[in-house]
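Data first, discussion second: the structure below is written as structure tokens.
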Amino acid sequence: MSTHDFLIVGAGFAGSVCARVLADAGRKVHLVDRRDHVGGNAHDRLDAHGVRIHPYGPHIFHTNSKPVFEFLSRFTDWRFHELRVVAAVDGLLVPIPVNRTSLNRLYGLDLDEEGARRFLDKVRDPRVSLRTSEDVVVHSVGQDLCDKLFRGYTRKQWGLDLSELSASVAARIPVRCNDDDRYFTDAFQFMPARGYAALFDRMLDHPGITVSTGCDFLDARRDHAGAHVIYTGPIDAYFDHRYGPLPYRSLRFEHEHLPSVRSFQPTGIVTYPNDHAFTRITEAKHLTGEPHRGTSIMREYPRAEGDPYYPIPRPGNEALYKRYEALAKRQRGVTFVGRLAQYRYLNMDQVVEAALGAARALAGDRP
């Protein structure tokens, strides 16, 4: 029998938050991850040239939840950062989400805020029912802006047309008639001052927590029989794909260091909806604010095979997930939490919120 009360599988935000909440409640927790580090996809590190990078894609923290922000603030100081994203379209760089500046730059106009509103009202293609992402986009901005900014990017990112994706994907991106070029408008927009790796190290620094990296779940489970399992990995993998695999999108990253370039692009993220095989380029220095004589950039290539990153929101996939969810609800001694375990396209703060709720409930349920 295990000497730990809980075995947590996956050391990303979901697993690490659960570990800390339970340890603070006096429980003994063992946390395992198959990678050689904690932090999951939010992990950051210094590259060979001393530039702090996000090797699994950019992670920019934002939330409207004060409790989530206060919990994480126990483990890090913050650097204020409002993300700005531009898209490379027709030889121009235009703000995303669409705003007045985007319209004026793309179409050579000089619209004020009311003029931008009238322009969008004229070009939009109203849809009675918003079932797909295509419905959402053309209903908001019309066909031409849809084709310029969204359709090509979606095909690369998801391997599907907008018309094949649930409305929830496009609903995440607003449309503005003013010059607000912030990607997010949340009340709290920050980056960990010393990086995500330091945040996770502090979160897991507790006498009630032990950590094993490079560890297989099945081996850990044999060694911790009797411990309650908190599982944050792909739910279909937990059940050996009994009903078939749930579809996910994966990513490949191409890193490049430019030793004689102080700044490669004007913002942290530039998207390429219609050109190149990659979807975006991230320049890490914009996100971290760390000084360096050179710069490191990362190109992001979506693909069908590889580590699961994004659950694919489609009605058929949701129906398949519901079958796995029903299996999960019948499990005793196992809790499923996180983006992959819940097959949901969740932001970091939403994962933290879900983990806080799950762990606090478990802390109260166990003697």
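Numbering starts fresh at 1 for the residues of each chain in the structure tokens, the chains themselves are lettered A, B, ... in the order given, and ligands are numbered from 1 as they appear.
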
Contact check, region 201-306 of chain A to region 151-170 of chain A, at most 9 Å, counting only C-alpha atoms, closest pairs as CSV:
```
residue,atom,partner,partner_atom,distance
A:Tyr248,CA,A:Trp158,CA,8.9
A:Arg249,CA,A:Trp158,CA,6.5
A:Leu251,CA,A:Gln157,CA,8.9
A:Thr271,CA,A:Tyr153,CA,8.1
A:Tyr272,CA,A:Tyr153,CA,7.0
A:Pro273,CA,A:Tyr153,CA,4.0
A:Asn274,CA,A:Gly152,CA,5.2
A:Asp275,CA,A:Gly152,CA,8.5
A:Ala277,CA,A:Lys156,CA,7.4
A:Phe278,CA,A:Lys156,CA,7.6
A:Thr279,CA,A:Tyr153,CA,6.4
A:Tyr301,CA,A:Gln157,CA,8.0
A:Pro302,CA,A:Gln157,CA,5.4
A:Arg303,CA,A:Gly159,CA,7.8
A:Ala304,CA,A:Gly159,CA,7.7
```

### DSSP-assigned strand (DSSP E) among region 51-183 of chain A, expressed as a ChimeraX atom specification
/A:52-53,61-63,78-80,85-89,92-96

Go through region 254-355 of chain A residue by residue and, counting only C-alpha atoms, keep those with an atom at most 6 Å from region 6-20 of chain A; for each kept residue give the shortest atom pair and its distance in Å to one decimal, ordered by chain and increasing number, as a Markdown table.
```
| residue | atom | partner | partner_atom | distance |
| --- | --- | --- | --- | --- |
| A:Gly338 | CA | A:Ala14 | CA | 5.4 |
| A:Val351 | CA | A:Ala14 | CA | 5.8 |
| A:Ala355 | CA | A:Ala14 | CA | 5.2 |
```

Can you spit out the residues from that selection as a compact mmCIF listing (two decimals), in the first residue's frame, using N, CA, C and O atoms?
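The file below, selection-v9.txt, is the result:
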```txt
# COMPACT_ATOMS: atom_id res chain seq x y z
N GLY A 338 -8.42 18.83 -15.89
CA GLY A 338 -7.47 19.41 -16.84
C GLY A 338 -7.97 19.37 -18.26
O GLY A 338 -8.97 18.71 -18.58
N VAL A 351 -7.94 26.15 -16.10
CA VAL A 351 -7.39 24.91 -15.57
C VAL A 351 -7.11 25.06 -14.07
O VAL A 351 -7.43 24.18 -13.26
N ALA A 355 -8.81 22.93 -11.07
CA ALA A 355 -7.98 22.16 -10.15
C ALA A 355 -8.21 22.59 -8.70
O ALA A 355 -8.25 21.75 -7.79
```

Once DSSP has gone over the backbone, tell me which residues of region 29-246 of chain A are in alpha helix (DSSP H), as a short mmCIF file (atom, residue, chain, number, x, y, z; two decimals) with N, CA and C atoms, in the first residue's frame.
```cif
data_model
loop_
_atom_site.label_atom_id
_atom_site.label_comp_id
_atom_site.auth_asym_id
_atom_site.auth_seq_id
_atom_site.Cartn_x
_atom_site.Cartn_y
_atom_site.Cartn_z
N LYS A 66 -10.01 36.83 -9.47
CA LYS A 66 -9.11 37.29 -8.40
C LYS A 66 -8.62 36.12 -7.55
N PRO A 67 -9.48 35.14 -7.19
CA PRO A 67 -8.99 33.99 -6.41
C PRO A 67 -7.89 33.21 -7.12
N VAL A 68 -8.00 33.02 -8.44
CA VAL A 68 -6.96 32.32 -9.19
C VAL A 68 -5.66 33.13 -9.16
N PHE A 69 -5.77 34.43 -9.40
CA PHE A 69 -4.59 35.28 -9.40
C PHE A 69 -3.93 35.31 -8.02
N GLU A 70 -4.72 35.39 -6.97
CA GLU A 70 -4.17 35.43 -5.62
C GLU A 70 -3.50 34.11 -5.26
N PHE A 71 -4.08 32.99 -5.68
CA PHE A 71 -3.45 31.70 -5.39
C PHE A 71 -2.08 31.61 -6.05
N LEU A 72 -1.99 31.94 -7.33
CA LEU A 72 -0.70 31.85 -8.03
C LEU A 72 0.30 32.88 -7.51
N SER A 73 -0.20 34.00 -7.02
CA SER A 73 0.69 35.04 -6.50
C SER A 73 1.45 34.60 -5.25
N ARG A 100 -10.53 48.88 -35.40
CA ARG A 100 -10.58 49.97 -36.37
C ARG A 100 -9.28 50.07 -37.16
N THR A 101 -8.16 49.89 -36.48
CA THR A 101 -6.86 49.95 -37.15
C THR A 101 -6.74 48.87 -38.21
N SER A 102 -7.22 47.66 -37.90
CA SER A 102 -7.17 46.56 -38.87
C SER A 102 -7.93 46.93 -40.14
N LEU A 103 -9.12 47.49 -39.98
CA LEU A 103 -9.95 47.83 -41.13
C LEU A 103 -9.30 48.94 -41.96
N ASN A 104 -8.82 49.98 -41.30
CA ASN A 104 -8.20 51.08 -42.03
C ASN A 104 -6.94 50.64 -42.77
N ARG A 105 -6.16 49.78 -42.16
CA ARG A 105 -4.90 49.35 -42.77
C ARG A 105 -5.16 48.40 -43.94
N LEU A 106 -6.09 47.48 -43.78
CA LEU A 106 -6.36 46.49 -44.83
C LEU A 106 -7.02 47.12 -46.06
N TYR A 107 -7.91 48.09 -45.83
CA TYR A 107 -8.72 48.60 -46.93
C TYR A 107 -8.37 50.04 -47.30
N GLU A 113 -14.59 55.49 -35.07
CA GLU A 113 -15.20 54.34 -34.39
C GLU A 113 -16.59 54.04 -34.93
N GLU A 114 -17.39 55.07 -35.15
CA GLU A 114 -18.73 54.86 -35.68
C GLU A 114 -18.65 54.37 -37.12
N GLY A 115 -17.68 54.88 -37.88
CA GLY A 115 -17.51 54.43 -39.25
C GLY A 115 -17.11 52.96 -39.32
N ALA A 116 -16.27 52.52 -38.37
CA ALA A 116 -15.89 51.11 -38.32
C ALA A 116 -17.11 50.24 -38.02
N ARG A 117 -17.96 50.73 -37.15
CA ARG A 117 -19.17 49.97 -36.82
C ARG A 117 -20.08 49.84 -38.04
N ARG A 118 -20.23 50.96 -38.78
CA ARG A 118 -21.07 50.91 -39.99
C ARG A 118 -20.45 50.01 -41.05
N PHE A 119 -19.13 50.05 -41.18
CA PHE A 119 -18.44 49.19 -42.16
C PHE A 119 -18.71 47.72 -41.86
N LEU A 120 -18.56 47.34 -40.61
CA LEU A 120 -18.78 45.93 -40.25
C LEU A 120 -20.25 45.54 -40.42
N ASP A 121 -21.15 46.45 -40.10
CA ASP A 121 -22.58 46.15 -40.30
C ASP A 121 -22.88 45.92 -41.78
N LYS A 122 -22.14 46.62 -42.65
CA LYS A 122 -22.37 46.49 -44.09
C LYS A 122 -21.81 45.19 -44.64
N VAL A 123 -20.63 44.78 -44.17
CA VAL A 123 -19.97 43.62 -44.78
C VAL A 123 -20.35 42.30 -44.11
N SER A 133 -17.88 27.56 -36.53
CA SER A 133 -17.00 28.72 -36.44
C SER A 133 -17.14 29.62 -37.66
N GLU A 134 -17.44 29.04 -38.81
CA GLU A 134 -17.68 29.87 -39.99
C GLU A 134 -18.89 30.77 -39.77
N ASP A 135 -19.94 30.24 -39.19
CA ASP A 135 -21.12 31.05 -38.88
C ASP A 135 -20.75 32.23 -38.00
N VAL A 136 -19.95 31.98 -36.98
CA VAL A 136 -19.57 33.03 -36.04
C VAL A 136 -18.76 34.12 -36.74
N VAL A 137 -17.79 33.72 -37.55
CA VAL A 137 -16.88 34.69 -38.16
C VAL A 137 -17.60 35.54 -39.21
N VAL A 138 -18.31 34.91 -40.14
CA VAL A 138 -18.95 35.71 -41.19
C VAL A 138 -20.10 36.53 -40.63
N HIS A 139 -20.72 36.05 -39.58
CA HIS A 139 -21.76 36.83 -38.91
C HIS A 139 -21.18 38.10 -38.31
N SER A 140 -19.91 38.04 -37.88
CA SER A 140 -19.27 39.19 -37.23
C SER A 140 -18.57 40.12 -38.21
N VAL A 141 -17.84 39.54 -39.19
CA VAL A 141 -16.97 40.39 -40.03
C VAL A 141 -17.14 40.16 -41.52
N GLY A 142 -17.98 39.23 -41.96
CA GLY A 142 -18.20 39.02 -43.38
C GLY A 142 -17.18 38.09 -44.03
N GLN A 143 -17.39 37.81 -45.30
CA GLN A 143 -16.61 36.79 -46.00
C GLN A 143 -15.18 37.23 -46.27
N ASP A 144 -14.96 38.48 -46.68
CA ASP A 144 -13.61 38.89 -47.08
C ASP A 144 -12.65 38.87 -45.89
N LEU A 145 -13.04 39.45 -44.78
CA LEU A 145 -12.20 39.41 -43.59
C LEU A 145 -12.04 37.99 -43.07
N GLY A 152 -7.68 30.54 -43.54
CA GLY A 152 -6.41 29.85 -43.76
C GLY A 152 -5.74 29.44 -42.46
N TYR A 153 -5.79 30.32 -41.47
CA TYR A 153 -5.19 30.00 -40.17
C TYR A 153 -5.87 28.78 -39.57
N THR A 154 -7.19 28.73 -39.66
CA THR A 154 -7.95 27.61 -39.09
C THR A 154 -7.59 26.31 -39.79
N ARG A 155 -7.46 26.34 -41.11
CA ARG A 155 -7.11 25.12 -41.84
C ARG A 155 -5.76 24.59 -41.40
N LYS A 156 -4.80 25.50 -41.16
CA LYS A 156 -3.49 25.05 -40.70
C LYS A 156 -3.55 24.57 -39.25
N GLN A 157 -4.20 25.35 -38.39
CA GLN A 157 -4.21 25.04 -36.97
C GLN A 157 -4.96 23.75 -36.65
N TRP A 158 -6.11 23.57 -37.28
CA TRP A 158 -6.97 22.45 -36.91
C TRP A 158 -7.04 21.35 -37.97
N ALA A 167 -18.80 26.25 -33.03
CA ALA A 167 -18.81 27.71 -32.90
C ALA A 167 -17.91 28.20 -31.78
N SER A 168 -17.67 27.36 -30.78
CA SER A 168 -16.92 27.78 -29.60
C SER A 168 -15.50 28.22 -29.93
N VAL A 169 -14.89 27.70 -31.00
CA VAL A 169 -13.51 28.05 -31.34
C VAL A 169 -13.42 29.52 -31.73
N ALA A 170 -14.23 29.95 -32.69
CA ALA A 170 -14.18 31.34 -33.15
C ALA A 170 -14.78 32.30 -32.14
N TYR A 196 7.88 30.61 -15.61
CA TYR A 196 6.95 29.59 -15.14
C TYR A 196 7.66 28.47 -14.38
N ALA A 197 8.87 28.11 -14.81
CA ALA A 197 9.58 27.03 -14.13
C ALA A 197 9.79 27.36 -12.66
N ALA A 198 10.16 28.61 -12.37
CA ALA A 198 10.35 29.03 -10.98
C ALA A 198 9.04 29.02 -10.22
N LEU A 199 7.94 29.41 -10.88
CA LEU A 199 6.62 29.37 -10.25
C LEU A 199 6.28 27.94 -9.82
N PHE A 200 6.48 26.99 -10.72
CA PHE A 200 6.15 25.59 -10.41
C PHE A 200 7.06 25.04 -9.31
N ASP A 201 8.32 25.39 -9.36
CA ASP A 201 9.25 24.91 -8.32
C ASP A 201 8.79 25.37 -6.94
N ARG A 202 8.36 26.61 -6.83
CA ARG A 202 7.90 27.12 -5.55
C ARG A 202 6.57 26.49 -5.14
N MET A 203 5.69 26.28 -6.10
CA MET A 203 4.40 25.67 -5.79
C MET A 203 4.57 24.26 -5.23
N PHE A 217 3.14 6.38 -15.71
CA PHE A 217 1.97 6.31 -14.83
C PHE A 217 1.71 4.90 -14.32
N LEU A 218 1.81 3.90 -15.19
CA LEU A 218 1.50 2.53 -14.79
C LEU A 218 2.46 2.04 -13.72
N ASP A 219 3.74 2.38 -13.87
CA ASP A 219 4.71 2.01 -12.83
C ASP A 219 4.39 2.70 -11.52
N ALA A 220 4.07 3.99 -11.60
CA ALA A 220 3.76 4.74 -10.38
C ALA A 220 2.51 4.19 -9.71
N ARG A 221 1.54 3.78 -10.49
CA ARG A 221 0.30 3.28 -9.90
C ARG A 221 0.53 1.98 -9.15
N ARG A 222 1.39 1.12 -9.70
CA ARG A 222 1.70 -0.13 -8.99
C ARG A 222 2.38 0.15 -7.65
N ASP A 223 3.21 1.21 -7.63
CA ASP A 223 3.95 1.54 -6.41
C ASP A 223 3.12 2.31 -5.41
N ILE A 235 -7.99 11.53 -21.43
CA ILE A 235 -8.94 10.62 -20.81
C ILE A 235 -9.08 9.32 -21.61
N ASP A 236 -8.97 9.39 -22.93
CA ASP A 236 -9.10 8.17 -23.74
C ASP A 236 -7.92 7.23 -23.50
N ALA A 237 -6.72 7.80 -23.26
CA ALA A 237 -5.55 6.96 -22.98
C ALA A 237 -5.70 6.24 -21.65
N TYR A 238 -6.32 6.88 -20.68
CA TYR A 238 -6.52 6.23 -19.37
C TYR A 238 -7.30 4.93 -19.54
#
```

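With only C-alpha atoms as the basis for measurement, A:His49 is the residue among A:His81, A:Arg339, A:Arg172, A:His49 that approaches Gly294 (chain A) most closely.
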
Residues at most 12 Å from Gly268 (chain A), counting only C-alpha atoms, excluding those fewer than 4 positions away in the same chain, as a CSV table (one decimal) with all heavy atoms, in the first residue's frame?
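Below you can see around-v7.csv, which holds the result:
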```
chain,number,residue,atom,x,y,z
A,53,ILE,N,12.9,30.9,-23.2
A,53,ILE,CA,11.9,30.6,-24.2
A,53,ILE,C,10.8,29.7,-23.6
A,53,ILE,O,11.0,29.1,-22.5
A,53,ILE,CB,12.6,29.8,-25.4
A,53,ILE,CG1,13.2,28.5,-24.9
A,53,ILE,CG2,13.6,30.7,-26.0
A,53,ILE,CD1,13.6,27.6,-26.0
A,54,HIS,N,9.7,29.6,-24.3
A,54,HIS,CA,8.6,28.7,-24.0
A,54,HIS,C,8.7,27.5,-25.0
A,54,HIS,O,8.2,27.7,-26.2
A,54,HIS,CB,7.3,29.4,-24.1
A,54,HIS,CG,7.1,30.4,-23.1
A,54,HIS,ND1,5.9,31.2,-23.0
A,54,HIS,CD2,7.9,30.9,-22.1
A,54,HIS,CE1,6.0,32.1,-22.0
A,54,HIS,NE2,7.2,31.9,-21.4
A,57,GLY,N,5.4,26.4,-26.9
A,57,GLY,CA,4.5,27.4,-27.3
A,57,GLY,C,4.3,28.5,-26.3
A,57,GLY,O,4.4,28.2,-25.1
A,58,PRO,N,3.9,29.7,-26.7
A,58,PRO,CA,3.8,30.8,-25.8
A,58,PRO,C,2.6,30.6,-24.8
A,58,PRO,O,1.5,30.2,-25.2
A,58,PRO,CB,3.5,32.0,-26.8
A,58,PRO,CG,2.9,31.4,-28.0
A,58,PRO,CD,3.5,30.1,-28.1
A,59,HIS,N,2.9,31.0,-23.6
A,59,HIS,CA,1.9,30.9,-22.5
A,59,HIS,C,1.9,32.3,-21.8
A,59,HIS,O,2.8,32.7,-21.1
A,59,HIS,CB,2.3,29.8,-21.5
A,59,HIS,CG,2.0,28.5,-22.0
A,59,HIS,ND1,2.7,27.8,-23.0
A,59,HIS,CD2,1.0,27.6,-21.6
A,59,HIS,CE1,2.2,26.6,-23.2
A,59,HIS,NE2,1.1,26.5,-22.4
A,60,ILE,N,0.8,33.0,-22.1
A,60,ILE,CA,0.6,34.4,-21.5
A,60,ILE,C,-0.5,34.3,-20.5
A,60,ILE,O,-1.7,34.0,-20.9
A,60,ILE,CB,0.3,35.4,-22.7
A,60,ILE,CG1,1.5,35.5,-23.6
A,60,ILE,CG2,0.0,36.7,-22.1
A,60,ILE,CD1,1.5,34.6,-24.8
A,81,HIS,N,2.1,42.5,-18.4
A,81,HIS,CA,2.3,42.3,-19.8
A,81,HIS,C,0.9,42.1,-20.5
A,81,HIS,O,0.2,41.2,-20.1
A,81,HIS,CB,3.1,41.0,-20.1
A,81,HIS,CG,3.3,40.8,-21.6
A,81,HIS,ND1,4.1,41.5,-22.4
A,81,HIS,CD2,2.7,39.8,-22.4
A,81,HIS,CE1,4.0,41.0,-23.7
A,81,HIS,NE2,3.1,40.0,-23.7
A,82,GLU,N,0.6,43.0,-21.4
A,82,GLU,CA,-0.6,42.9,-22.2
A,82,GLU,C,-0.2,42.4,-23.6
A,82,GLU,O,0.5,43.0,-24.3
A,82,GLU,CB,-1.3,44.2,-22.3
A,82,GLU,CG,-2.0,44.6,-21.0
A,82,GLU,CD,-2.7,46.0,-21.1
A,82,GLU,OE1,-2.2,46.9,-21.9
A,82,GLU,OE2,-3.7,46.1,-20.4
A,83,LEU,N,-0.7,41.2,-24.0
A,83,LEU,CA,-0.3,40.6,-25.2
A,83,LEU,C,-0.9,41.4,-26.4
A,83,LEU,O,-2.1,41.7,-26.4
A,83,LEU,CB,-0.8,39.2,-25.3
A,83,LEU,CG,-0.5,38.4,-26.6
A,83,LEU,CD1,1.0,38.3,-26.9
A,83,LEU,CD2,-1.2,37.1,-26.6
A,84,ARG,N,-0.1,41.6,-27.4
A,84,ARG,CA,-0.6,42.2,-28.7
A,84,ARG,C,-0.1,41.3,-29.8
A,84,ARG,O,1.0,40.8,-29.8
A,84,ARG,CB,0.0,43.6,-28.9
A,84,ARG,CG,-0.8,44.6,-28.0
A,84,ARG,CD,-0.2,46.0,-27.9
A,84,ARG,NE,-1.1,46.9,-27.2
A,84,ARG,CZ,-1.2,47.0,-25.9
A,84,ARG,NH1,-0.5,46.2,-25.1
A,84,ARG,NH2,-2.0,47.9,-25.4
A,85,VAL,N,-1.1,41.0,-30.7
A,85,VAL,CA,-0.8,40.0,-31.8
A,85,VAL,C,-1.2,40.8,-33.1
A,85,VAL,O,-2.2,41.5,-33.2
A,85,VAL,CB,-1.7,38.8,-31.6
A,85,VAL,CG1,-1.5,37.9,-32.8
A,85,VAL,CG2,-1.4,38.0,-30.3
A,86,VAL,N,-0.3,40.6,-34.1
A,86,VAL,CA,-0.6,41.1,-35.4
A,86,VAL,C,-0.6,39.9,-36.4
A,86,VAL,O,0.2,38.9,-36.2
A,86,VAL,CB,0.4,42.2,-35.8
A,86,VAL,CG1,0.2,43.4,-35.0
A,86,VAL,CG2,1.8,41.7,-35.8
A,87,ALA,N,-1.3,40.1,-37.5
A,87,ALA,CA,-1.4,39.1,-38.5
A,87,ALA,C,-0.7,39.7,-39.8
A,87,ALA,O,-0.9,40.8,-40.1
A,87,ALA,CB,-2.8,38.7,-38.9
A,182,ARG,N,-5.2,45.1,-27.7
A,182,ARG,CA,-4.9,44.1,-26.7
A,182,ARG,C,-5.6,42.8,-27.2
A,182,ARG,O,-6.7,42.8,-27.5
A,182,ARG,CB,-5.3,44.4,-25.3
A,182,ARG,CG,-4.6,45.7,-24.7
A,182,ARG,CD,-5.2,46.0,-23.4
A,182,ARG,NE,-6.6,46.4,-23.5
A,182,ARG,CZ,-7.4,46.4,-22.5
A,182,ARG,NH1,-7.0,46.1,-21.3
A,182,ARG,NH2,-8.7,46.8,-22.7
A,183,TYR,N,-4.8,41.7,-27.1
A,183,TYR,CA,-5.4,40.4,-27.5
A,183,TYR,C,-6.4,40.0,-26.4
A,183,TYR,O,-7.5,39.4,-26.7
A,183,TYR,CB,-4.3,39.3,-27.6
A,183,TYR,CG,-4.8,38.1,-28.3
A,183,TYR,CD1,-5.0,38.1,-29.7
A,183,TYR,CD2,-5.2,36.9,-27.7
A,183,TYR,CE1,-5.4,37.0,-30.4
A,183,TYR,CE2,-5.6,35.8,-28.3
A,183,TYR,CZ,-5.7,35.9,-29.7
A,183,TYR,OH,-6.2,34.8,-30.4
A,263,SER,N,15.7,42.7,-32.1
A,263,SER,CA,14.3,42.5,-32.1
A,263,SER,C,13.9,42.0,-33.5
A,263,SER,O,14.2,42.7,-34.5
A,263,SER,CB,13.5,43.8,-31.8
A,263,SER,OG,12.1,43.5,-31.8
A,264,PHE,N,13.2,40.9,-33.6
A,264,PHE,CA,12.9,40.3,-34.9
A,264,PHE,C,11.6,40.8,-35.5
A,264,PHE,O,11.4,41.0,-36.7
A,264,PHE,CB,12.9,38.8,-34.8
A,264,PHE,CG,12.4,38.1,-36.0
A,264,PHE,CD1,13.3,37.9,-37.1
A,264,PHE,CD2,11.2,37.6,-36.2
A,264,PHE,CE1,13.0,37.2,-38.2
A,264,PHE,CE2,10.8,36.9,-37.3
A,264,PHE,CZ,11.7,36.7,-38.4
A,280,ARG,N,2.4,30.7,-36.8
A,280,ARG,CA,2.8,31.9,-36.1
A,280,ARG,C,4.3,31.9,-35.7
A,280,ARG,O,4.9,30.8,-35.6
A,280,ARG,CB,2.0,32.2,-34.8
A,280,ARG,CG,2.0,31.1,-33.8
A,280,ARG,CD,1.0,31.4,-32.7
A,280,ARG,NE,1.0,30.4,-31.6
A,280,ARG,CZ,0.3,30.4,-30.5
A,280,ARG,NH1,-0.5,31.5,-30.3
A,280,ARG,NH2,0.3,29.4,-29.6
A,281,ILE,N,4.9,33.0,-35.5
A,281,ILE,CA,6.2,33.1,-34.9
A,281,ILE,C,6.1,33.9,-33.6
A,281,ILE,O,5.5,34.9,-33.5
A,281,ILE,CB,7.1,33.9,-35.9
A,281,ILE,CG1,7.3,33.2,-37.2
A,281,ILE,CG2,8.5,34.1,-35.3
A,281,ILE,CD1,8.2,33.9,-38.2
A,282,THR,N,6.8,33.3,-32.6
A,282,THR,CA,6.8,33.9,-31.3
A,282,THR,C,8.3,34.4,-31.0
A,282,THR,O,9.2,33.7,-31.3
A,282,THR,CB,6.5,32.9,-30.2
A,282,THR,OG1,5.1,32.4,-30.4
A,282,THR,CG2,6.6,33.5,-28.8
A,283,GLU,N,8.4,35.6,-30.6
A,283,GLU,CA,9.7,36.1,-30.1
A,283,GLU,C,9.6,36.3,-28.6
A,283,GLU,O,8.9,37.1,-28.1
A,283,GLU,CB,10.0,37.5,-30.8
A,283,GLU,CG,11.4,38.0,-30.5
A,283,GLU,CD,11.8,39.2,-31.3
A,283,GLU,OE1,10.9,39.8,-31.9
A,283,GLU,OE2,13.0,39.6,-31.2
A,284,ALA,N,10.4,35.5,-27.9
A,284,ALA,CA,10.3,35.3,-26.5
A,284,ALA,C,10.6,36.6,-25.7
A,284,ALA,O,9.9,36.8,-24.7
A,284,ALA,CB,11.2,34.2,-26.0
A,285,LYS,N,11.5,37.4,-26.2
A,285,LYS,CA,11.9,38.6,-25.4
A,285,LYS,C,10.7,39.5,-25.2
A,285,LYS,O,10.7,40.2,-24.2
A,285,LYS,CB,13.0,39.3,-26.1
A,285,LYS,CG,14.4,38.6,-26.0
A,285,LYS,CD,15.4,39.2,-26.9
A,285,LYS,CE,15.7,40.6,-26.6
A,285,LYS,NZ,16.8,41.2,-27.5
A,286,HIS,N,9.8,39.6,-26.1
A,286,HIS,CA,8.6,40.5,-25.9
A,286,HIS,C,7.8,40.0,-24.7
A,286,HIS,O,7.2,40.8,-24.0
A,286,HIS,CB,7.8,40.5,-27.2
A,286,HIS,CG,8.4,41.2,-28.3
A,286,HIS,ND1,8.4,42.6,-28.4
A,286,HIS,CD2,9.0,40.7,-29.4
A,286,HIS,CE1,8.9,42.9,-29.6
A,286,HIS,NE2,9.3,41.8,-30.2
A,287,LEU,N,7.7,38.7,-24.5
A,287,LEU,CA,6.9,38.2,-23.4
A,287,LEU,C,7.6,38.2,-22.1
A,287,LEU,O,6.9,38.5,-21.1
A,287,LEU,CB,6.6,36.7,-23.7
A,287,LEU,CG,6.0,36.4,-25.2
A,287,LEU,CD1,5.7,34.9,-25.3
A,287,LEU,CD2,4.8,37.2,-25.5
A,288,THR,N,8.9,38.0,-22.0
A,288,THR,CA,9.5,37.9,-20.7
A,288,THR,C,10.2,39.2,-20.3
A,288,THR,O,10.4,39.5,-19.1
A,288,THR,CB,10.7,36.9,-20.8
A,288,THR,OG1,11.7,37.3,-21.7
A,288,THR,CG2,10.1,35.5,-21.2
A,289,GLY,N,10.4,40.1,-21.3
A,289,GLY,CA,11.1,41.4,-21.0
A,289,GLY,C,12.5,41.3,-20.6
A,289,GLY,O,13.2,42.2,-20.1
A,295,THR,N,18.3,37.5,-30.1
A,295,THR,CA,16.9,37.2,-29.9
A,295,THR,C,16.7,35.7,-30.4
A,295,THR,O,17.4,35.2,-31.2
A,295,THR,CB,16.0,38.1,-30.6
A,295,THR,OG1,14.6,37.9,-30.1
A,295,THR,CG2,16.0,37.9,-32.1
A,296,SER,N,15.7,35.1,-29.8
A,296,SER,CA,15.3,33.7,-30.1
A,296,SER,C,13.9,33.7,-30.6
A,296,SER,O,13.0,34.3,-29.9
A,296,SER,CB,15.5,32.8,-29.0
A,296,SER,OG,16.9,32.6,-28.7
A,297,ILE,N,13.6,33.1,-31.7
A,297,ILE,CA,12.3,33.0,-32.2
A,297,ILE,C,11.9,31.6,-32.4
A,297,ILE,O,12.7,30.7,-32.4
A,297,ILE,CB,12.1,33.7,-33.6
A,297,ILE,CG1,13.0,33.1,-34.7
A,297,ILE,CG2,12.5,35.2,-33.5
A,297,ILE,CD1,12.8,33.6,-36.1
A,298,MET,N,10.5,31.4,-32.5
A,298,MET,CA,10.0,30.0,-32.6
A,298,MET,C,8.9,30.0,-33.6
A,298,MET,O,7.9,30.8,-33.5
A,298,MET,CB,9.5,29.5,-31.3
A,298,MET,CG,8.9,28.1,-31.3
A,298,MET,SD,8.4,27.6,-29.6
A,298,MET,CE,7.1,28.8,-29.4
```

## Note on the structure
As a check of understanding: the span from CA of Ala171 (chain A) to CA of Tyr343 (chain A) is 17.7 Å

### Task
Write out as a list in words the residues lying within 8 Å of Val98 (chain A), counting only C-alpha atoms and excluding same-chain residues fewer than 6 positions away.
Pro174, Val175 and Arg176 of chain A

If you keep all heavy atoms, can you produce a file of those selected residues as an mmCIF file, in the first residue's frame?
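Saved as result.cif:
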```
data_model
loop_
_atom_site.group_PDB
_atom_site.id
_atom_site.type_symbol
_atom_site.label_atom_id
_atom_site.label_comp_id
_atom_site.auth_asym_id
_atom_site.auth_seq_id
_atom_site.Cartn_x
_atom_site.Cartn_y
_atom_site.Cartn_z
ATOM 1 N N PRO A 174 -12.871 38.330 -30.031
ATOM 2 C CA PRO A 174 -13.859 39.402 -30.208
ATOM 3 C C PRO A 174 -13.584 40.237 -31.455
ATOM 4 O O PRO A 174 -12.578 40.067 -32.129
ATOM 5 C CB PRO A 174 -13.662 40.244 -28.941
ATOM 6 C CG PRO A 174 -12.208 40.081 -28.625
ATOM 7 C CD PRO A 174 -11.855 38.667 -29.024
ATOM 8 N N VAL A 175 -14.488 41.144 -31.748
ATOM 9 C CA VAL A 175 -14.322 42.136 -32.809
ATOM 10 C C VAL A 175 -14.568 43.504 -32.175
ATOM 11 O O VAL A 175 -15.524 43.683 -31.424
ATOM 12 C CB VAL A 175 -15.317 41.898 -33.963
ATOM 13 C CG1 VAL A 175 -15.208 43.002 -35.011
ATOM 14 C CG2 VAL A 175 -15.073 40.536 -34.595
ATOM 15 N N ARG A 176 -13.681 44.478 -32.479
ATOM 16 C CA ARG A 176 -13.767 45.797 -31.849
ATOM 17 C C ARG A 176 -13.845 46.888 -32.916
ATOM 18 O O ARG A 176 -13.270 46.741 -33.997
ATOM 19 C CB ARG A 176 -12.548 46.040 -30.958
ATOM 20 C CG ARG A 176 -12.389 44.985 -29.873
ATOM 21 C CD ARG A 176 -11.062 45.119 -29.153
ATOM 22 N NE ARG A 176 -10.890 44.011 -28.191
ATOM 23 C CZ ARG A 176 -9.732 43.442 -27.910
ATOM 24 N NH1 ARG A 176 -8.627 43.861 -28.505
ATOM 25 N NH2 ARG A 176 -9.670 42.461 -27.038
#
```
